[in-house]
file upload.cif (mmCIF, C-alpha atoms)
data_data
loop_
_atom_site.label_atom_id
_atom_site.label_comp_id
_atom_site.auth_asym_id
_atom_site.auth_seq_id
_atom_site.Cartn_x
_atom_site.Cartn_y
_atom_site.Cartn_z
CA MET Z 1 -99.08 7.64 260.71
CA LYS Z 2 -98.41 5.76 257.48
CA PHE Z 3 -99.32 6.56 253.91
CA SER Z 4 -102.43 4.41 254.16
CA ASN Z 5 -104.62 7.32 253.07
CA TRP Z 6 -104.45 8.43 249.43
CA LYS Z 7 -104.28 12.12 250.31
CA TYR Z 8 -100.82 11.91 251.88
CA PRO Z 9 -98.99 10.45 248.87
CA ALA Z 10 -100.99 12.86 246.70
CA PHE Z 11 -99.76 15.84 248.71
CA TYR Z 12 -96.18 14.54 248.72
CA LEU Z 13 -96.10 13.77 244.99
CA SER Z 14 -97.71 17.13 244.18
CA ALA Z 15 -95.12 18.96 246.28
CA VAL Z 16 -92.26 17.04 244.66
CA GLY Z 17 -93.68 17.53 241.17
CA ILE Z 18 -94.15 21.29 241.58
CA ALA Z 19 -90.68 21.66 243.11
CA ASN Z 20 -89.14 19.67 240.24
CA ILE Z 21 -90.89 21.78 237.61
CA GLY Z 22 -89.54 24.84 239.41
CA GLY Z 23 -86.12 23.22 239.52
CA TRP Z 24 -86.04 22.88 235.72
CA VAL Z 25 -87.19 26.48 235.32
CA TYR Z 26 -84.44 27.57 237.72
CA LEU Z 27 -81.76 25.48 235.96
CA LEU Z 28 -82.53 26.87 232.51
CA ALA Z 29 -83.02 30.42 233.77
CA ILE Z 30 -79.77 30.57 235.74
CA ASN Z 31 -77.82 29.10 232.81
CA LEU Z 32 -79.30 31.67 230.43
CA MET Z 33 -78.78 34.52 232.88
CA VAL Z 34 -75.09 33.69 233.44
CA PHE Z 35 -74.47 33.30 229.71
CA ASN Z 36 -76.23 36.61 228.94
CA LYS Z 37 -74.18 38.39 231.60
CA THR Z 38 -70.81 36.92 230.64
CA GLY Z 39 -71.11 35.53 227.11
CA SER Z 40 -68.85 32.74 228.36
CA ALA Z 41 -69.53 29.01 228.06
CA LEU Z 42 -66.88 28.48 230.73
CA ALA Z 43 -68.88 30.61 233.18
CA VAL Z 44 -71.93 28.43 232.53
CA SER Z 45 -69.82 25.29 233.02
CA GLY Z 46 -68.87 26.63 236.43
CA LEU Z 47 -72.51 26.29 237.49
CA TYR Z 48 -72.32 22.52 236.93
CA MET Z 49 -69.34 22.21 239.25
CA ILE Z 50 -71.20 23.87 242.11
CA LYS Z 51 -73.71 21.06 242.79
CA PRO Z 52 -71.21 18.26 243.51
CA PHE Z 53 -69.08 20.73 245.48
CA ALA Z 54 -72.13 21.64 247.59
CA HIS Z 55 -72.74 17.95 248.30
CA LEU Z 56 -69.13 17.61 249.42
CA LEU Z 57 -69.56 20.50 251.86
CA MET Z 58 -72.82 19.13 253.28
CA GLY Z 59 -72.37 15.39 253.06
CA PHE Z 60 -70.07 14.83 256.01
CA TRP Z 61 -72.42 16.39 258.59
CA SER Z 62 -75.94 17.00 257.19
CA GLY Z 63 -77.01 13.39 257.72
CA SER Z 64 -76.40 13.80 261.44
CA VAL Z 65 -78.98 16.60 261.45
CA ILE Z 66 -81.48 14.78 259.23
CA ASP Z 67 -81.59 11.73 261.50
CA ARG Z 68 -82.25 13.85 264.60
CA VAL Z 69 -84.90 16.36 263.55
CA SER Z 70 -88.40 16.37 262.07
CA THR Z 71 -87.68 15.89 258.37
CA LYS Z 72 -91.11 17.25 257.44
CA HIS Z 73 -90.35 20.62 259.01
CA LEU Z 74 -86.77 20.52 257.72
CA MET Z 75 -88.06 20.10 254.14
CA ILE Z 76 -90.46 23.01 254.57
CA VAL Z 77 -87.69 25.26 255.92
CA LEU Z 78 -85.31 24.27 253.10
CA ASP Z 79 -87.94 25.06 250.45
CA ILE Z 80 -88.50 28.50 252.00
CA VAL Z 81 -84.72 29.08 252.20
CA ARG Z 82 -84.27 28.16 248.53
CA ALA Z 83 -87.16 30.42 247.53
CA SER Z 84 -85.64 33.32 249.48
CA LEU Z 85 -82.20 32.83 247.93
CA ILE Z 86 -83.58 32.60 244.37
CA LEU Z 87 -85.48 35.84 245.00
CA LEU Z 88 -82.09 37.59 245.43
CA ILE Z 89 -80.54 36.43 242.14
CA PRO Z 90 -82.22 38.92 239.74
CA PHE Z 91 -80.78 41.79 241.79
CA LEU Z 92 -77.16 40.55 241.59
CA ASP Z 93 -74.65 41.88 239.08
CA SER Z 94 -71.43 40.12 240.03
CA LEU Z 95 -70.82 36.62 238.64
CA TRP Z 96 -69.18 35.55 241.90
CA SER Z 97 -72.13 36.77 243.95
CA ILE Z 98 -74.40 34.66 241.72
CA TYR Z 99 -72.10 31.68 242.20
CA THR Z 100 -72.26 32.20 245.96
CA ILE Z 101 -76.05 32.24 246.05
CA VAL Z 102 -76.21 29.22 243.73
CA LEU Z 103 -73.83 27.40 246.09
CA LEU Z 104 -76.11 28.13 249.04
CA ILE Z 105 -79.14 26.95 247.05
CA GLN Z 106 -77.36 23.73 246.12
CA MET Z 107 -76.27 23.21 249.74
CA ALA Z 108 -79.93 23.44 250.78
CA GLY Z 109 -80.79 20.98 248.02
CA ALA Z 110 -78.04 18.63 249.19
CA ARG Z 111 -79.76 18.45 252.58
CA PHE Z 112 -83.30 18.34 251.13
CA GLY Z 113 -82.72 15.17 249.08
CA PRO Z 114 -81.74 12.82 251.95
CA ALA Z 115 -84.34 14.42 254.24
CA SER Z 116 -87.10 13.83 251.69
CA PHE Z 117 -85.99 10.26 251.06
CA THR Z 118 -85.85 9.51 254.79
CA TYR Z 119 -89.30 11.02 255.35
CA MET Z 120 -91.08 9.05 252.67
CA THR Z 121 -89.32 5.81 253.63
CA LEU Z 122 -90.36 6.14 257.26
CA LEU Z 123 -94.00 6.80 256.46
CA LEU Z 124 -94.47 4.34 253.60
CA PRO Z 125 -95.46 0.76 254.41
CA GLU Z 126 -92.87 -1.68 253.07
CA ASP Z 127 -95.28 -3.29 250.62
CA GLY Z 128 -96.14 0.10 249.11
CA ARG Z 129 -92.64 1.47 248.51
CA LYS Z 130 -92.01 -0.04 245.09
CA ARG Z 131 -95.34 1.23 243.71
CA PHE Z 132 -94.77 4.67 245.25
CA ASN Z 133 -91.22 4.88 243.82
CA ALA Z 134 -92.63 4.06 240.38
CA MET Z 135 -95.15 6.89 240.78
CA LEU Z 136 -92.32 9.17 241.91
CA SER Z 137 -90.39 8.32 238.73
CA PHE Z 138 -93.48 9.25 236.72
CA VAL Z 139 -93.65 12.62 238.53
CA HIS Z 140 -89.95 13.29 237.82
CA SER Z 141 -90.48 12.38 234.16
CA GLY Z 142 -93.46 14.71 233.89
CA ALA Z 143 -91.41 17.51 235.43
CA PHE Z 144 -88.63 16.82 232.90
CA ILE Z 145 -91.11 17.56 230.10
CA LEU Z 146 -93.24 20.29 231.68
CA GLY Z 147 -90.39 22.21 233.35
CA PRO Z 148 -88.40 23.12 230.20
CA ALA Z 149 -91.65 23.75 228.27
CA PHE Z 150 -92.89 26.10 231.01
CA ALA Z 151 -89.51 27.81 231.09
CA GLY Z 152 -89.62 28.29 227.33
CA VAL Z 153 -93.00 30.01 227.57
CA LEU Z 154 -91.69 32.30 230.31
CA PHE Z 155 -88.57 33.15 228.29
CA MET Z 156 -90.69 34.08 225.26
CA SER Z 157 -93.07 36.25 227.26
CA ASP Z 158 -90.59 37.98 229.53
CA SER Z 159 -87.04 38.00 230.88
CA THR Z 160 -85.22 35.34 232.88
CA ASP Z 161 -86.01 37.40 235.98
CA MET Z 162 -89.70 36.55 235.65
CA ALA Z 163 -88.83 32.85 235.35
CA LEU Z 164 -86.88 33.05 238.61
CA PHE Z 165 -89.76 34.85 240.36
CA VAL Z 166 -92.11 32.07 239.20
CA ASN Z 167 -89.59 29.57 240.57
CA VAL Z 168 -89.84 31.27 243.96
CA GLY Z 169 -93.57 30.64 243.84
CA THR Z 170 -93.13 26.94 243.03
CA PHE Z 171 -90.90 26.37 246.06
CA LEU Z 172 -93.31 28.25 248.35
CA LEU Z 173 -96.24 26.24 246.97
CA SER Z 174 -94.29 23.03 247.54
CA ALA Z 175 -93.62 24.07 251.14
CA GLY Z 176 -97.30 24.87 251.60
CA LEU Z 177 -98.38 21.43 250.38
CA MET Z 178 -95.96 19.77 252.79
CA LEU Z 179 -97.77 21.43 255.70
CA PHE Z 180 -100.62 18.98 255.06
CA LEU Z 181 -98.36 15.94 255.47
CA PRO Z 182 -98.41 14.05 258.77
CA ASN Z 183 -95.70 14.70 261.33
CA GLN Z 184 -92.89 12.21 261.23
CA ILE Z 185 -92.61 9.35 263.73
CA ARG Z 186 -88.91 9.06 264.41
CA LEU Z 187 -87.46 5.66 265.12
CA GLY Z 188 -84.34 7.25 266.53
CA SER Z 189 -86.11 9.72 268.83
CA HIS Z 190 -84.06 8.45 271.74
CA GLU Z 191 -80.95 10.06 270.28
CA SER Z 192 -79.84 13.48 271.36
CA SER Z 193 -80.71 16.29 268.96
CA ASN Z 194 -77.62 18.24 270.02
CA LEU Z 195 -75.05 18.36 267.23
CA SER Z 196 -71.33 18.58 267.95
CA TRP Z 197 -68.13 17.44 266.30
CA ARG Z 198 -68.07 14.48 268.67
CA THR Z 199 -71.57 13.53 267.49
CA VAL Z 200 -70.57 13.86 263.84
CA ILE Z 201 -67.47 11.70 264.34
CA LYS Z 202 -69.56 9.13 266.21
CA ASP Z 203 -71.97 9.09 263.24
CA TRP Z 204 -69.08 8.56 260.81
CA HIS Z 205 -68.02 5.57 262.89
CA ALA Z 206 -71.59 4.21 262.87
CA VAL Z 207 -71.76 4.48 259.06
CA TRP Z 208 -68.34 2.83 258.75
CA THR Z 209 -69.50 -0.01 261.01
CA PHE Z 210 -72.65 -0.45 258.91
CA SER Z 211 -70.54 -0.45 255.73
CA LYS Z 212 -68.29 -3.25 257.02
CA VAL Z 213 -71.19 -5.40 258.21
CA ALA Z 214 -73.31 -4.76 255.09
CA LEU Z 215 -70.43 -4.87 252.61
CA PRO Z 216 -72.39 -6.71 249.86
CA PHE Z 217 -75.05 -3.97 249.94
CA VAL Z 218 -72.38 -1.25 249.84
CA VAL Z 219 -70.78 -2.90 246.79
CA VAL Z 220 -74.09 -2.98 244.92
CA TYR Z 221 -74.88 0.61 245.99
CA MET Z 222 -71.55 1.94 244.76
CA VAL Z 223 -71.53 -0.04 241.52
CA PHE Z 224 -75.00 1.27 240.61
CA GLN Z 225 -73.88 4.81 241.41
CA VAL Z 226 -70.81 4.39 239.21
CA VAL Z 227 -73.15 3.66 236.28
CA MET Z 228 -75.13 6.81 237.07
CA LEU Z 229 -72.06 9.01 237.47
CA LEU Z 230 -70.71 7.73 234.14
CA THR Z 231 -74.06 8.73 232.64
CA ALA Z 232 -73.74 12.21 234.17
CA ALA Z 233 -70.12 12.54 233.02
CA LEU Z 234 -70.96 11.54 229.44
CA ASP Z 235 -73.92 13.93 229.47
CA SER Z 236 -71.40 16.77 229.74
CA THR Z 237 -70.30 15.94 226.15
CA GLU Z 238 -73.87 15.83 224.82
CA VAL Z 239 -73.94 19.17 223.02
CA VAL Z 240 -70.49 18.75 221.48
CA PHE Z 241 -71.36 15.21 220.33
CA ALA Z 242 -74.59 16.40 218.73
CA LYS Z 243 -72.85 19.26 216.93
CA GLU Z 244 -69.49 17.78 215.92
CA VAL Z 245 -70.33 14.10 215.40
CA LEU Z 246 -73.99 14.11 214.36
CA HIS Z 247 -73.85 17.60 212.80
CA LEU Z 248 -77.30 18.45 214.14
CA THR Z 249 -78.89 21.86 213.83
CA ASP Z 250 -80.17 23.61 216.94
CA ALA Z 251 -83.71 22.56 216.02
CA ALA Z 252 -82.67 18.92 215.55
CA TYR Z 253 -80.82 18.95 218.86
CA GLY Z 254 -83.91 20.37 220.52
CA SER Z 255 -86.01 17.56 219.09
CA LEU Z 256 -83.46 15.03 220.37
CA VAL Z 257 -83.96 16.44 223.86
CA SER Z 258 -87.71 16.07 223.33
CA VAL Z 259 -87.19 12.41 222.43
CA ALA Z 260 -85.34 12.01 225.73
CA GLY Z 261 -88.28 13.55 227.57
CA ILE Z 262 -90.74 11.22 225.85
CA GLY Z 263 -88.48 8.29 226.73
CA PHE Z 264 -88.53 9.31 230.40
CA LEU Z 265 -92.31 9.58 230.40
CA VAL Z 266 -92.99 6.31 228.55
CA GLY Z 267 -90.45 4.54 230.75
CA ALA Z 268 -92.17 5.81 233.88
CA VAL Z 269 -95.57 4.63 232.62
CA CYS Z 270 -94.19 1.18 231.78
CA THR Z 271 -92.44 0.98 235.16
CA ASN Z 272 -95.79 1.52 236.87
CA LEU Z 273 -97.20 -1.37 234.82
CA VAL Z 274 -94.42 -3.90 235.51
CA VAL Z 275 -93.54 -2.93 239.08
CA LYS Z 276 -95.90 -5.57 240.50
CA PHE Z 277 -94.17 -8.36 238.62
CA MET Z 278 -90.49 -7.47 239.14
CA SER Z 279 -88.39 -7.27 242.28
CA ALA Z 280 -86.35 -4.21 243.15
CA LYS Z 281 -83.13 -5.97 242.14
CA GLN Z 282 -84.60 -7.04 238.79
CA LEU Z 283 -85.75 -3.50 238.06
CA MET Z 284 -82.37 -2.07 239.04
CA CYS Z 285 -80.25 -4.55 237.04
CA SER Z 286 -82.40 -4.62 233.90
CA GLY Z 287 -82.68 -0.84 233.98
CA THR Z 288 -78.93 -0.21 234.22
CA ILE Z 289 -78.12 -2.70 231.45
CA LEU Z 290 -80.69 -1.08 229.16
CA VAL Z 291 -79.41 2.41 230.03
CA SER Z 292 -75.88 1.32 229.10
CA THR Z 293 -77.10 -0.38 225.91
CA GLY Z 294 -78.91 2.79 224.91
CA TYR Z 295 -75.75 4.80 225.48
CA VAL Z 296 -73.69 2.36 223.38
CA ILE Z 297 -76.19 2.72 220.52
CA TYR Z 298 -76.10 6.51 220.92
CA SER Z 299 -72.29 6.59 220.95
CA LEU Z 300 -72.02 4.54 217.74
CA SER Z 301 -74.66 6.55 215.89
CA MET Z 302 -73.78 8.58 212.83
CA ASN Z 303 -77.21 10.06 212.13
CA TYR Z 304 -80.20 11.49 213.91
CA LEU Z 305 -82.41 8.40 213.67
CA VAL Z 306 -79.97 6.00 215.36
CA ALA Z 307 -79.04 8.62 217.96
CA SER Z 308 -82.69 9.23 218.83
CA CYS Z 309 -83.27 5.46 219.22
CA GLY Z 310 -80.34 5.17 221.60
CA CYS Z 311 -81.42 8.27 223.48
CA PHE Z 312 -84.98 6.95 223.83
CA ILE Z 313 -83.78 3.56 225.14
CA LEU Z 314 -81.44 5.01 227.75
CA CYS Z 315 -83.98 7.56 229.01
CA PHE Z 316 -86.78 4.96 228.97
CA SER Z 317 -84.67 2.66 231.15
CA LEU Z 318 -83.75 5.25 233.78
CA ALA Z 319 -87.20 4.98 235.37
CA LEU Z 320 -86.75 1.22 235.78
CA ALA Z 321 -83.26 1.59 237.22
CA ASN Z 322 -84.07 4.42 239.62
CA THR Z 323 -87.28 2.81 240.90
CA GLY Z 324 -85.45 -0.44 241.58
CA PHE Z 325 -82.52 1.32 243.23
CA MET Z 326 -84.66 3.48 245.53
CA THR Z 327 -86.68 0.48 246.66
CA TYR Z 328 -83.53 -1.61 247.11
CA ILE Z 329 -81.83 0.87 249.42
CA GLN Z 330 -85.07 1.39 251.37
CA GLU Z 331 -85.06 -2.37 251.98
CA ASN Z 332 -81.46 -2.46 253.17
CA ILE Z 333 -80.64 0.76 255.04
CA PRO Z 334 -81.91 1.11 258.64
CA ILE Z 335 -84.44 3.95 258.58
CA ASP Z 336 -83.03 5.63 261.69
CA MET Z 337 -79.62 5.89 259.93
CA MET Z 338 -80.85 6.68 256.42
CA GLY Z 339 -79.93 10.38 256.53
CA ARG Z 340 -76.37 9.73 257.69
CA ILE Z 341 -75.71 6.82 255.33
CA SER Z 342 -77.19 8.47 252.22
CA SER Z 343 -75.41 11.77 252.93
CA LEU Z 344 -71.96 10.24 253.49
CA PHE Z 345 -72.29 7.79 250.59
CA GLY Z 346 -73.52 10.68 248.46
CA MET Z 347 -70.44 12.71 249.36
CA VAL Z 348 -68.22 9.89 248.06
CA ILE Z 349 -70.24 9.58 244.85
CA HIS Z 350 -70.15 13.32 244.14
CA SER Z 351 -66.38 13.33 244.69
CA LEU Z 352 -66.10 10.61 242.05
CA GLN Z 353 -68.48 12.55 239.80
CA LEU Z 354 -66.22 15.60 239.88
CA LEU Z 355 -63.27 13.39 238.96
CA ALA Z 356 -65.23 11.63 236.19
CA VAL Z 357 -66.38 14.92 234.61
CA LEU Z 358 -62.79 16.19 234.70
CA ILE Z 359 -61.41 13.00 233.11
CA ILE Z 360 -64.10 12.96 230.40
CA GLY Z 361 -63.50 16.65 229.68
CA VAL Z 362 -59.72 16.24 229.37
CA ALA Z 363 -60.10 13.08 227.27
CA ALA Z 364 -62.56 14.83 224.94
CA HIS Z 365 -60.01 17.64 224.53
CA TRP Z 366 -57.14 15.31 223.65
CA PHE Z 367 -59.05 12.69 221.67
CA SER Z 368 -62.17 12.70 219.52
CA VAL Z 369 -65.47 13.24 221.32
CA GLN Z 370 -67.00 10.15 219.71
CA ALA Z 371 -64.12 7.93 220.86
CA VAL Z 372 -64.54 9.18 224.43
CA VAL Z 373 -68.31 8.60 224.39
CA ILE Z 374 -67.88 5.11 222.87
CA TRP Z 375 -65.32 3.99 225.44
CA GLY Z 376 -67.28 5.60 228.25
CA SER Z 377 -70.50 3.85 227.23
CA VAL Z 378 -68.72 0.49 226.84
CA LEU Z 379 -67.26 0.93 230.33
CA MET Z 380 -70.76 1.73 231.58
CA LEU Z 381 -72.08 -1.50 230.05
CA LEU Z 382 -69.29 -3.53 231.66
CA VAL Z 383 -70.03 -1.98 235.06
CA SER Z 384 -73.74 -2.74 234.56
CA LEU Z 385 -72.93 -6.39 233.88
CA PHE Z 386 -70.78 -6.43 237.02
CA LEU Z 387 -73.77 -5.07 238.93
CA LEU Z 388 -75.90 -7.94 237.64
CA ILE Z 389 -73.23 -10.44 238.74
CA SER Z 390 -72.94 -8.76 242.15
CA VAL Z 391 -76.68 -8.81 242.77
CA THR Z 392 -76.92 -12.43 241.63
CA HIS Z 393 -74.10 -13.81 243.77
CA LEU Z 394 -74.13 -11.63 246.87
CA SER Z 395 -76.69 -12.08 249.61
CA HIS Z 396 -78.17 -8.99 251.25
CA SER Z 397 -79.96 -8.45 254.49
CA LYS Z 398 -81.10 -5.52 256.57
CA VAL Z 399 -78.54 -4.59 259.17
CA ALA Z 400 -79.55 -2.86 262.37
CA ILE Z 401 -76.82 -0.83 263.98
CA GLU Z 402 -77.10 -0.23 267.65
#
call {"tool": "encode", "arguments": {"input": "upload.cif", "output": "structure tokens"}}
result
Amino acid sequence: MKFSNWKYPAFYLSAVGIANIGGWVYLLAINLMVFNKTGSALAVSGLYMIKPFAHLLMGFWSGSVIDRVSTKHLMIVLDIVRASLILLIPFLDSLWSIYTIVLLIQMAGARFGPASFTYMTLLLPEDGRKRFNAMLSFVHSGAFILGPAFAGVLFMSDSTDMALFVNVGTFLLSAGLMLFLPNQIRLGSHESSNLSWRTVIKDWHAVWTFSKVALPFVVVYMVFQVVMLLTAALDSTEVVFAKEVLHLTDAAYGSLVSVAGIGFLVGAVCTNLVVKFMSAKQLMCSGTILVSTGYVIYSLSMNYLVASCGCFILCFSLALANTGFMTYIQENIPIDMMGRISSLFGMVIHSLQLLAVLIIGVAAHWFSVQAVVIWGSVLMLLVSLFLLISVTHLSHSKVAIE
């Protein structure tokens, strides 16, 4: 069954939106809880190293599971698992026990992402994917605004424990909505569902074979992801840049974050308006160049007004870039291999992200923060231009791997 009926995308987008709002509540609550327990910024920084590490642990084998099971039921189970694990956190006292539970939650999330992407790709008709991805960007943008606002209300009315309990409810509600989605029709149902090391190694070989045959696609995929990981790495300097370079107060910094949220939302609305007139490659390339341009403006700013303009531009453009990228990979990755390819490629990207965050952190320690952000944003712009050249000159086609 395809998403020809409005109720199925509505259920899916509602589930994703509720889960994303809960994800923001969880992120802010767990950061505040760890800081309150330890009083250490380093302890909070440790939370940000857990996610890429979790993807490294899961990436080399989770795709083999995703491509062989019902992804609908897998998503439901993973939501319930995450809800159960979050329910334990308020009763933990040890920092390392919290880290352990957070690692397990992130490992579940590392499997949920490729499973969700595979599910929606399989059930969406090809001519409806770009529009749906634009709507998905709008949902993510709305969650970016509503999630922190909801968390702030919960923090004012009660402790972080209550915020985590509410987060449990959002994941359970998301799982409940997914029960109404149609069962998945697997293209690769002929494959054995038994998982062994031999199966995993065979899957690695299949992904490697795909990568060699579809090298132009892999180049574009990796170059786009380099732009995104540079964005994530530079984001780690955001607070220091705002305080030491722009000399913003806490209130001004909070308003700058609000500008980012508005940029996300406006960008998502505009993406929905232009998605009919632009191809996936045009959305992806124009989006990444604008993201990089926004970061260059932000890095060169010396006051709040210029910084907010740069921040708005880069956040506005993320919806364009992500919508184009999601549609592009849906057009080029065989659906029956999507879990394996996205998981293994994701493992490589998260390895590079760990390295990038480390390099940016060390550079910011040895040099000025503004110099690091300027050079990082210029590098991002150069990579974005290389992406445009790659998309323009390389031909791409779907590759079916036997």
call {"tool": "resolve_selection", "arguments": {"input": "upload.cif", "expression": "the PyMOL selection byres ((chain Z and resi 387) around 9)", "output": "JSON, numbers by chain"}}
result
{"Z": [219, 220, 223, 224, 285, 288, 289, 382, 383, 384, 385, 386, 388, 389, 390, 391, 392]}
call {"tool": "residues_around", "arguments": {"input": "upload.cif", "residues": "Leu256 of chain Z", "least_positions_apart": "6", "cutoff": "12 Å", "atoms": "all atoms listed in the file", "output": "compact mmCIF listing (two decimals) with C-alpha atoms, in the coordinates of the input"}}
result
# COMPACT_ATOMS: atom_id res chain seq x y z
CA GLU Z 238 -73.87 15.83 224.82
CA VAL Z 239 -73.94 19.17 223.02
CA ALA Z 242 -74.59 16.40 218.73
CA LYS Z 243 -72.85 19.26 216.93
CA LEU Z 246 -73.99 14.11 214.36
CA LEU Z 248 -77.30 18.45 214.14
CA THR Z 249 -78.89 21.86 213.83
CA ASP Z 250 -80.17 23.61 216.94
CA ILE Z 262 -90.74 11.22 225.85
CA GLY Z 263 -88.48 8.29 226.73
CA TYR Z 298 -76.10 6.51 220.92
CA ASN Z 303 -77.21 10.06 212.13
CA TYR Z 304 -80.20 11.49 213.91
CA LEU Z 305 -82.41 8.40 213.67
CA VAL Z 306 -79.97 6.00 215.36
CA ALA Z 307 -79.04 8.62 217.96
CA SER Z 308 -82.69 9.23 218.83
CA CYS Z 309 -83.27 5.46 219.22
CA GLY Z 310 -80.34 5.17 221.60
CA CYS Z 311 -81.42 8.27 223.48
CA PHE Z 312 -84.98 6.95 223.83
CA CYS Z 315 -83.98 7.56 229.01
call {"tool": "closest_residue", "arguments": {"input": "upload.cif", "among": "Z:Lys130, Z:Phe53, Z:Ser299, Z:Tyr119", "to": "Leu104 of chain Z", "atoms": "all atoms listed in the file"}}
result
Z:Phe53
call {"tool": "residues_around", "arguments": {"input": "upload.cif", "residues": "Leu47 of chain Z", "least_positions_apart": "5", "cutoff": "10 Å", "atoms": "only C-alpha atoms", "output": "list in words"}}
result
Leu27, Ile30, Asn31, Val34, Leu42, Ile98, Tyr99, Val102 and Leu103 of chain Z
call {"tool": "closest_residue", "arguments": {"input": "upload.cif", "among": "Z:Trp96, Z:Phe144, Z:Tyr221, Z:Tyr26", "to": "Phe165 of chain Z", "atoms": "all atoms listed in the file"}}
result
Z:Tyr26
call {"tool": "build_atoms", "arguments": {"input": "upload.cif", "residues": "segment 248-267 of chain Z", "atoms": "N, CA and C atoms", "output": "PDB file, keeping the file's coordinate frame"}}
result
ATOM      1  N   LEU Z 248     -75.901  18.062 214.005  1.00  0.00           N
ATOM      2  CA  LEU Z 248     -77.300  18.450 214.140  1.00  0.00           C
ATOM      3  C   LEU Z 248     -77.440  19.967 214.198  1.00  0.00           C
ATOM      4  N   THR Z 249     -78.544  20.455 213.670  1.00  0.00           N
ATOM      5  CA  THR Z 249     -78.890  21.860 213.830  1.00  0.00           C
ATOM      6  C   THR Z 249     -79.438  22.071 215.235  1.00  0.00           C
ATOM      7  N   ASP Z 250     -79.602  23.324 215.627  1.00  0.00           N
ATOM      8  CA  ASP Z 250     -80.170  23.610 216.940  1.00  0.00           C
ATOM      9  C   ASP Z 250     -81.570  23.015 217.081  1.00  0.00           C
ATOM     10  N   ALA Z 251     -82.354  23.097 215.990  1.00  0.00           N
ATOM     11  CA  ALA Z 251     -83.710  22.560 216.020  1.00  0.00           C
ATOM     12  C   ALA Z 251     -83.693  21.041 216.179  1.00  0.00           C
ATOM     13  N   ALA Z 252     -82.769  20.379 215.454  1.00  0.00           N
ATOM     14  CA  ALA Z 252     -82.670  18.920 215.550  1.00  0.00           C
ATOM     15  C   ALA Z 252     -82.208  18.502 216.938  1.00  0.00           C
ATOM     16  N   TYR Z 253     -81.273  19.262 217.499  1.00  0.00           N
ATOM     17  CA  TYR Z 253     -80.820  18.950 218.860  1.00  0.00           C
ATOM     18  C   TYR Z 253     -81.964  19.121 219.855  1.00  0.00           C
ATOM     19  N   GLY Z 254     -82.756  20.164 219.651  1.00  0.00           N
ATOM     20  CA  GLY Z 254     -83.910  20.370 220.520  1.00  0.00           C
ATOM     21  C   GLY Z 254     -84.897  19.223 220.445  1.00  0.00           C
ATOM     22  N   SER Z 255     -85.097  18.691 219.235  1.00  0.00           N
ATOM     23  CA  SER Z 255     -86.010  17.560 219.090  1.00  0.00           C
ATOM     24  C   SER Z 255     -85.435  16.296 219.724  1.00  0.00           C
ATOM     25  N   LEU Z 256     -84.103  16.176 219.715  1.00  0.00           N
ATOM     26  CA  LEU Z 256     -83.460  15.030 220.370  1.00  0.00           C
ATOM     27  C   LEU Z 256     -83.701  15.075 221.879  1.00  0.00           C
ATOM     28  N   VAL Z 257     -83.647  16.271 222.438  1.00  0.00           N
ATOM     29  CA  VAL Z 257     -83.960  16.440 223.860  1.00  0.00           C
ATOM     30  C   VAL Z 257     -85.422  16.078 224.126  1.00  0.00           C
ATOM     31  N   SER Z 258     -86.295  16.423 223.187  1.00  0.00           N
ATOM     32  CA  SER Z 258     -87.710  16.070 223.330  1.00  0.00           C
ATOM     33  C   SER Z 258     -87.899  14.559 223.308  1.00  0.00           C
ATOM     34  N   VAL Z 259     -87.134  13.875 222.461  1.00  0.00           N
ATOM     35  CA  VAL Z 259     -87.190  12.410 222.430  1.00  0.00           C
ATOM     36  C   VAL Z 259     -86.785  11.840 223.782  1.00  0.00           C
ATOM     37  N   ALA Z 260     -85.765  12.450 224.396  1.00  0.00           N
ATOM     38  CA  ALA Z 260     -85.340  12.010 225.730  1.00  0.00           C
ATOM     39  C   ALA Z 260     -86.472  12.182 226.736  1.00  0.00           C
ATOM     40  N   GLY Z 261     -87.164  13.306 226.669  1.00  0.00           N
ATOM     41  CA  GLY Z 261     -88.280  13.550 227.570  1.00  0.00           C
ATOM     42  C   GLY Z 261     -89.398  12.543 227.385  1.00  0.00           C
ATOM     43  N   ILE Z 262     -89.704  12.226 226.124  1.00  0.00           N
ATOM     44  CA  ILE Z 262     -90.740  11.220 225.850  1.00  0.00           C
ATOM     45  C   ILE Z 262     -90.299   9.863 226.381  1.00  0.00           C
ATOM     46  N   GLY Z 263     -89.013   9.555 226.215  1.00  0.00           N
ATOM     47  CA  GLY Z 263     -88.480   8.290 226.730  1.00  0.00           C
ATOM     48  C   GLY Z 263     -88.642   8.191 228.237  1.00  0.00           C
ATOM     49  N   PHE Z 264     -88.334   9.280 228.942  1.00  0.00           N
ATOM     50  CA  PHE Z 264     -88.530   9.310 230.400  1.00  0.00           C
ATOM     51  C   PHE Z 264     -89.978   9.021 230.758  1.00  0.00           C
ATOM     52  N   LEU Z 265     -90.887   9.696 230.067  1.00  0.00           N
ATOM     53  CA  LEU Z 265     -92.310   9.580 230.400  1.00  0.00           C
ATOM     54  C   LEU Z 265     -92.844   8.185 230.104  1.00  0.00           C
ATOM     55  N   VAL Z 266     -92.528   7.653 228.916  1.00  0.00           N
ATOM     56  CA  VAL Z 266     -92.990   6.310 228.550  1.00  0.00           C
ATOM     57  C   VAL Z 266     -92.380   5.272 229.488  1.00  0.00           C
ATOM     58  N   GLY Z 267     -91.100   5.460 229.829  1.00  0.00           N
ATOM     59  CA  GLY Z 267     -90.450   4.540 230.750  1.00  0.00           C
ATOM     60  C   GLY Z 267     -91.108   4.544 232.117  1.00  0.00           C
TER      61      GLY Z 267
END
